[in-house]
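A short write-up of the structure that comes next.
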Amino acid sequence: MECYEKKLSPEEEKRIADAMAYIQSQARTAVGYPTNHLFDYSALYPFLNYSVNNVGDPFESTNYRLNTMEIEREVIHFFAELTKLPKDQAWGYVTNGGSEGNLYGVFIGRETLPGAMVYYSEDTHYSVGKAMRLLNVRSMMIRRQENGEFDYEDLRESIRLHRDMPAIVFTTAGTTMTGAIDNIATIKGILNEFLIDRHYIHSDAALSGMILPFVEDAPEWNFEHGIDSISISGHKFIGSPIPCGVVLAKRKNMERIARMVEYVGALDTTITGSRNGITPLFLWYAIKRHGLEGFRNLVKQCHEMADYAIEAMKRNGVAAWRNKHANTVIFPRPSKEVLDRWQIAVHGDTGHIITMPHVTKELVDRLISDMRQYPVKEVQS
Amino acid sequence: MKQLVIVTEDRPGIVADISTALAEKNINIESIDAEATRCHGVIILSVDKYDEALKTLTDASFTVYTENTIVVEVADEPGALAKIARRFKDADLNMRSIRIMKREAGNSLVAIAADHTKEAIKLVEDCIVA
């Protein structure tokens, strides 16, 4: 049976071809953003012929049967293990990306601790400001250290001056600009010092949530160390053609939200109603194909590539560095010509590349060659 | 009316740069107010084409804020924002957010979003910039 009445006109066919050519050309210089382009989900393409929809809570039943919730639950349990969330306490779902998971984290925090102050750092992802405005929570920005971590002294002073209020601390494991990791043990120590029992810690681990489980001597970052919820991206380290991620939370906190929604007649615990049923398949497939050892090797490869880039940049007079455990390589903001040629993220005086699994030595060498050819012009004084 | 708040370094010609960038896109400035603090310039603009102005200035690498906020300058030291926030708590005024716009040379420019703007301004009049 024909699906559509019309065929595309030659002009419309060309629009599609042009869009593909544009994507292919841009993909060749994508080094500045934390997305892994190395994946192959062709075995799952037949699923795209169906209207798959994981509407509602993946741990509840649904009347819409074209769903992949069983697969989704397996994905959640995989991430629960990585983040040390005991299976009997684990709840979560596959999101549309890290920002949705962060919104959900602040949402649970607000419902758990009404009237709380949200503390977040200067280097927290921009989506958090949006989440706080959407949820109308009180918030205070905390200074950052040079490496991108919370300035714990500022956090301590801020919490001390507001010790009569419950605290939601929005932490980051792998900041956008430097890959810095906020130390959960230090933050817990501050909360305990001022006897703030009513606290909630969310972790935005969009990128590093898939790195820290696979490195030796990782700093305190997971549920075992005291977080209450976490957001991890799926399209970043694992890689996916459709943005996705997971949010994990303690079941007892989620149930608080569930009860509240049930009161108005629907047990609907996720942010959106209809939810993507394809992305859980992608994540499940990648988890099975890589395995824990595969992910460990990928992380090692990314760190080695970051070190290769740093050394090569230094040899060419570019002062590059990275935080331990991060695959984000930071350097002085390159020239406009380099920025025109490469997708490099810039922030004020600095720029960075992120050595995701698709970033090769050849790609790094080409970038450095352009940096050499188009150096930053000295400002005449 | 929605305003644009631009935080820049304090240097001669900055207002001219902003005006030129906007004029090139046919955007009219309806009002402009510039303040220089010890180390920052803060320029508050009202324009006829808000979204276009925001894009133009952002493309020109200006740091632009779009909320209706009170801008204060405080020392760049631990607890400085918290002390300002505490004033609101003690006065029982609702402060929705307090965040750093720029840190430089030992000072921070800080944006405060609060209810009851008049009372809020009184609370921070010793350090208000805009």
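Ordered as shown in the structure tokens, chains take letters A, B, and onward, while each chain numbers its residues from 1 and ligands are numbered from 1 in the order shown.
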
Expected answer as a ChimeraX atom specification: alpha helix (DSSP H) residues in segment 6-69 of chain B: /B:14-24,50-59

Test item: residues at most 9 Å from Phe214 of chain A, only C-alpha atoms, excluding those fewer than 5 positions along its chain, as a ChimeraX atom specification: /A:82,292-293,295-297,299-300

Show me, as a Markdown table, the residues of chain A having an atom within 7 Å of chain B, each with the closest atom pair and its distance in Å, using only C-alpha atoms.
```
| residue | atom | partner | partner_atom | distance |
| --- | --- | --- | --- | --- |
| A:Val137 | CA | B:Arg96 | CA | 6.7 |
| A:Arg138 | CA | B:Arg96 | CA | 4.6 |
| A:Ser139 | CA | B:Ser97 | CA | 4.7 |
| A:Met140 | CA | B:Ile98 | CA | 5.0 |
| A:Met141 | CA | B:Arg99 | CA | 4.7 |
| A:Glu153 | CA | B:Pro78 | CA | 5.9 |
| A:Asp154 | CA | B:Pro78 | CA | 3.9 |
| A:Glu157 | CA | B:Gly79 | CA | 4.7 |
| A:Ser158 | CA | B:Ala82 | CA | 4.7 |
| A:Leu161 | CA | B:Ala82 | CA | 6.5 |
```

Any idea what's packed within 8 Å of Asn222 of chain A, counting only C-alpha atoms, ignoring anything in its chain fewer than 5 positions away? Could you give it as a PyMOL selection string? chain A and resi 83-84+184+227

With a distance cut-off of 7 Å and only C-alpha atoms, select the neighbouring residues of Tyr65 of chain B, excluding the residue or stretch itself and same-chain residues fewer than 2 positions from it, and output the selection as a VMD selection string. chain B and resid 4 to 6 63 67

Interatomic distance (Å, one decimal) between atom CA of Met313 of chain A and atom CA of Gln301 of chain A: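 Spanning atom CA of Met313 of chain A to atom CA of Gln301 of chain A is a straight-line distance of 18.2 Å.
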
Neighbours of segment 16-20 of chain B within 10 Å (only C-alpha atoms; same-chain residues fewer than 3 positions away dropped), as a list in words?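 Neighbouring residues, sequence-local ones excluded: Ile6, Pro12, Gly13, Ala23, Glu24, Lys25, Asn26, Ile27, Asn28, Ile29, Ile32, Ile43, Leu45, Ala53, Thr56, Leu57, Ala60 and Phe62 of chain B.
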
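Interatomic distance, atom CA of Leu48 of chain A against atom CA of Ile271 of chain A: 23.5 Å.
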
By how many Å are atom CA of Met69 of chain A and atom CA of Lys252 of chain A apart?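 Going from atom CA of Met69 of chain A over to atom CA of Lys252 of chain A, I get 20.7 Å.
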
As an MDAnalysis selection string, please: every residue in segment 183-238 of chain A that a backbone DSSP assignment puts in strand (DSSP E or B). chainID A and resid 199:204 229:233

Test item: residues at most 7 Å from Thr171 of chain A, only C-alpha atoms, excluding those fewer than 3 positions along its chain, as a list of chain:residue names: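 Once the nearby chain positions are removed, what remains is A:Tyr120, A:Asp182, A:His202, A:Ser203, A:Asp204.
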
Take the residues just selected and output them with N, CA, C and O atoms as a CSV table (one decimal), in the first residue's frame.
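Result saved to again_3.csv:
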```csv
chain,number,residue,atom,x,y,z
A,120,TYR,N,24.2,25.9,42.4
A,120,TYR,CA,24.8,25.3,41.2
A,120,TYR,C,26.0,26.2,40.9
A,120,TYR,O,26.2,27.3,41.4
A,182,ASP,N,32.8,17.6,40.1
A,182,ASP,CA,32.5,18.1,41.4
A,182,ASP,C,32.6,16.9,42.4
A,182,ASP,O,32.1,15.8,42.1
A,202,HIS,N,21.8,16.3,43.0
A,202,HIS,CA,21.7,15.7,41.6
A,202,HIS,C,23.0,15.9,40.9
A,202,HIS,O,23.8,16.8,41.1
A,203,SER,N,23.3,14.9,40.1
A,203,SER,CA,24.5,14.9,39.3
A,203,SER,C,24.2,15.0,37.8
A,203,SER,O,23.5,14.1,37.3
A,204,ASP,N,24.8,16.0,37.2
A,204,ASP,CA,24.7,16.1,35.7
A,204,ASP,C,26.0,15.4,35.2
A,204,ASP,O,27.1,16.0,35.2
```

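Take the candidates B:Glu125, B:Asp115, B:Glu52, B:Asp10 and check each one against Asn68 of chain B using only C-alpha atoms; the shortest distance goes to B:Asp115.
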
Need to verify the contact set: Val72 of chain B, 8 Å, only C-alpha atoms, exclusion of same-chain residues closer than 4 positions in sequence. Can you return it as a VMD selection string? chain B and resid 109 to 112 124 127 to 130
